[in-house]
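**Student:** Take a look at the following structure, please.
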Amino acid sequence: MENFVTIEILGQPFTFKTESELSEARAVADYLKSQVNRIEDQIIKHSPGINKRTVLLLTALNITGEYFALKKKHEDLVKVVSERSRRLINEVESQLAFHEERK
């Protein structure tokens, strides 16, 4: 089911269509809005009158940086879980073989 979500960023409304749950789409939109507001607040202190495109670009770079950091953590976790799973499977198979030999 298609849903439409409208958010206001930097004084301009944006409407987008989503096929995901409406609450999830709103959470994404709210996160984006909060990040844009955070960057805008930080920049205005140092450079009043900054270009809105610059705010959006910096926000996109920050979110992308967060994504890549989380992606790396996920990949590392998958490696650890895979290695531990492999060791556990080997141990279980070893124990099963040992008990089969003793029969």
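All residue names refer to the structure tokens as shown: chains lettered A, B, ... in order, residues numbered from 1 in each chain, ligands numbered from 1 in order.
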Show me, as a list in words, the residues that have an atom within 12 Å of A:Gln12 when counting only C-alpha atoms, minus same-chain residues fewer than 6 positions from it.

**Tutor:**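 Returned residues: Thr6, Lys33 and Lys52 of chain A.
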
**Student:** For the interface of stretch 22-48 of chain A with stretch 62-74 of chain A (cut-off 12 Å, counting only C-alpha atoms), please tabulate each contacting residue of stretch 22-48 of chain A alongside its nearest pair of atoms and their separation in Å to one decimal, rows sorted by chain and increasing number, as a Markdown table.

**Tutor:**
| residue | atom | partner | partner_atom | distance |
| --- | --- | --- | --- | --- |
| A:Val28 | CA | A:Ile63 | CA | 11.5 |
| A:Tyr31 | CA | A:Ile63 | CA | 9.8 |
| A:Leu32 | CA | A:Ile63 | CA | 8.5 |
| A:Lys33 | CA | A:Ile63 | CA | 11.6 |
| A:Ser34 | CA | A:Ile63 | CA | 11.3 |
| A:Gln35 | CA | A:Ile63 | CA | 8.1 |
| A:Val36 | CA | A:Asn62 | CA | 9.9 |
| A:Arg38 | CA | A:Asn62 | CA | 10.9 |
| A:Ile39 | CA | A:Asn62 | CA | 9.1 |

**Student:** Would you save the residues from that selection as a PDB file, in the first residue's frame, using N, CA and C atoms?

**Tutor:**
ATOM      1  N   VAL A  28      11.729   7.878   9.710  1.00  0.00           N
ATOM      2  CA  VAL A  28      12.845   8.232   8.826  1.00  0.00           C
ATOM      3  C   VAL A  28      12.809   9.729   8.532  1.00  0.00           C
ATOM      4  N   TYR A  31      13.812  11.703  11.561  1.00  0.00           N
ATOM      5  CA  TYR A  31      15.252  11.618  11.790  1.00  0.00           C
ATOM      6  C   TYR A  31      15.989  12.588  10.862  1.00  0.00           C
ATOM      7  N   LEU A  32      15.603  12.575   9.591  1.00  0.00           N
ATOM      8  CA  LEU A  32      16.222  13.492   8.631  1.00  0.00           C
ATOM      9  C   LEU A  32      16.027  14.939   9.076  1.00  0.00           C
ATOM     10  N   LYS A  33      14.809  15.264   9.446  1.00  0.00           N
ATOM     11  CA  LYS A  33      14.517  16.635   9.871  1.00  0.00           C
ATOM     12  C   LYS A  33      15.351  17.020  11.091  1.00  0.00           C
ATOM     13  N   SER A  34      15.474  16.110  12.058  1.00  0.00           N
ATOM     14  CA  SER A  34      16.259  16.426  13.269  1.00  0.00           C
ATOM     15  C   SER A  34      17.729  16.615  12.936  1.00  0.00           C
ATOM     16  N   GLN A  35      18.241  15.837  11.996  1.00  0.00           N
ATOM     17  CA  GLN A  35      19.646  15.967  11.607  1.00  0.00           C
ATOM     18  C   GLN A  35      19.890  17.263  10.842  1.00  0.00           C
ATOM     19  N   VAL A  36      18.970  17.632   9.971  1.00  0.00           N
ATOM     20  CA  VAL A  36      19.086  18.908   9.241  1.00  0.00           C
ATOM     21  C   VAL A  36      19.060  20.065  10.239  1.00  0.00           C
ATOM     22  N   ARG A  38      19.877  20.016  13.395  1.00  0.00           N
ATOM     23  CA  ARG A  38      21.104  19.987  14.195  1.00  0.00           C
ATOM     24  C   ARG A  38      22.257  20.635  13.432  1.00  0.00           C
ATOM     25  N   ILE A  39      22.426  20.243  12.169  1.00  0.00           N
ATOM     26  CA  ILE A  39      23.504  20.808  11.341  1.00  0.00           C
ATOM     27  C   ILE A  39      23.268  22.303  11.134  1.00  0.00           C
TER      28      ILE A  39
END

**Student:** For atom CA of A:Ile44 and atom CA of A:Ile7, quote the distance in Å rounded to one decimal.

**Tutor:**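 Value for the atom CA of A:Ile44-atom CA of A:Ile7 distance: 21.4 Å.
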
**Student:** Using the chain letters and numbers from this document, which residues of chain A does DSSP assign to helix (DSSP H, G or I), as an MDAnalysis selection string?

**Tutor:** chainID A and resid 22:46 52:102

**Student:** Can you tell me, as a list in words, which residues in chain A count as strand (DSSP E) by DSSP?

**Tutor:**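 Across chain A, those assigned strand (DSSP E) are Asn3, Phe4, Val5, Thr6, Ile7, Glu8, Ile9, Gln12, Pro13, Phe14, Thr15, Phe16, Lys17 and Thr18 of chain A.
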
**Student:** Just the selected residues (N, CA and C atoms), exported as a short mmCIF file (atom, residue, chain, number, x, y, z; two decimals), in the first residue's frame, please.

**Tutor:**
data_model
loop_
_atom_site.label_atom_id
_atom_site.label_comp_id
_atom_site.auth_asym_id
_atom_site.auth_seq_id
_atom_site.Cartn_x
_atom_site.Cartn_y
_atom_site.Cartn_z
N ASN A 3 1.85 5.02 0.75
CA ASN A 3 1.57 6.08 1.72
C ASN A 3 2.34 7.31 1.31
N PHE A 4 1.83 8.47 1.70
CA PHE A 4 2.51 9.72 1.45
C PHE A 4 2.84 10.38 2.78
N VAL A 5 4.05 10.89 2.88
CA VAL A 5 4.51 11.57 4.08
C VAL A 5 5.02 12.94 3.67
N THR A 6 4.64 13.95 4.44
CA THR A 6 5.11 15.31 4.18
C THR A 6 5.91 15.77 5.38
N ILE A 7 7.08 16.32 5.11
CA ILE A 7 7.89 16.93 6.17
C ILE A 7 8.33 18.30 5.69
N GLU A 8 8.63 19.15 6.65
CA GLU A 8 9.13 20.48 6.31
C GLU A 8 10.59 20.54 6.71
N ILE A 9 11.43 20.83 5.73
CA ILE A 9 12.87 20.94 5.97
C ILE A 9 13.33 22.28 5.44
N GLN A 12 10.74 24.43 3.78
CA GLN A 12 10.10 23.98 2.54
C GLN A 12 9.48 22.60 2.75
N PRO A 13 8.20 22.44 2.38
CA PRO A 13 7.58 21.13 2.54
C PRO A 13 8.03 20.15 1.44
N PHE A 14 8.23 18.92 1.84
CA PHE A 14 8.57 17.84 0.91
C PHE A 14 7.61 16.69 1.15
N THR A 15 7.02 16.20 0.09
CA THR A 15 6.13 15.06 0.18
C THR A 15 6.76 13.91 -0.59
N PHE A 16 6.80 12.75 0.04
CA PHE A 16 7.33 11.58 -0.65
C PHE A 16 6.41 10.39 -0.46
N LYS A 17 6.48 9.49 -1.42
CA LYS A 17 5.67 8.29 -1.42
C LYS A 17 6.50 7.15 -0.86
N THR A 18 5.87 6.32 -0.06
CA THR A 18 6.56 5.17 0.50
C THR A 18 5.65 3.95 0.50
#

**Student:** Would you compute the distance between atom CA of A:Thr59 and atom CA of A:Ala29? Give it in Å to one decimal.

**Tutor:**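 Straight-line distance from atom CA of A:Thr59 to atom CA of A:Ala29 works out to 13.0 Å.
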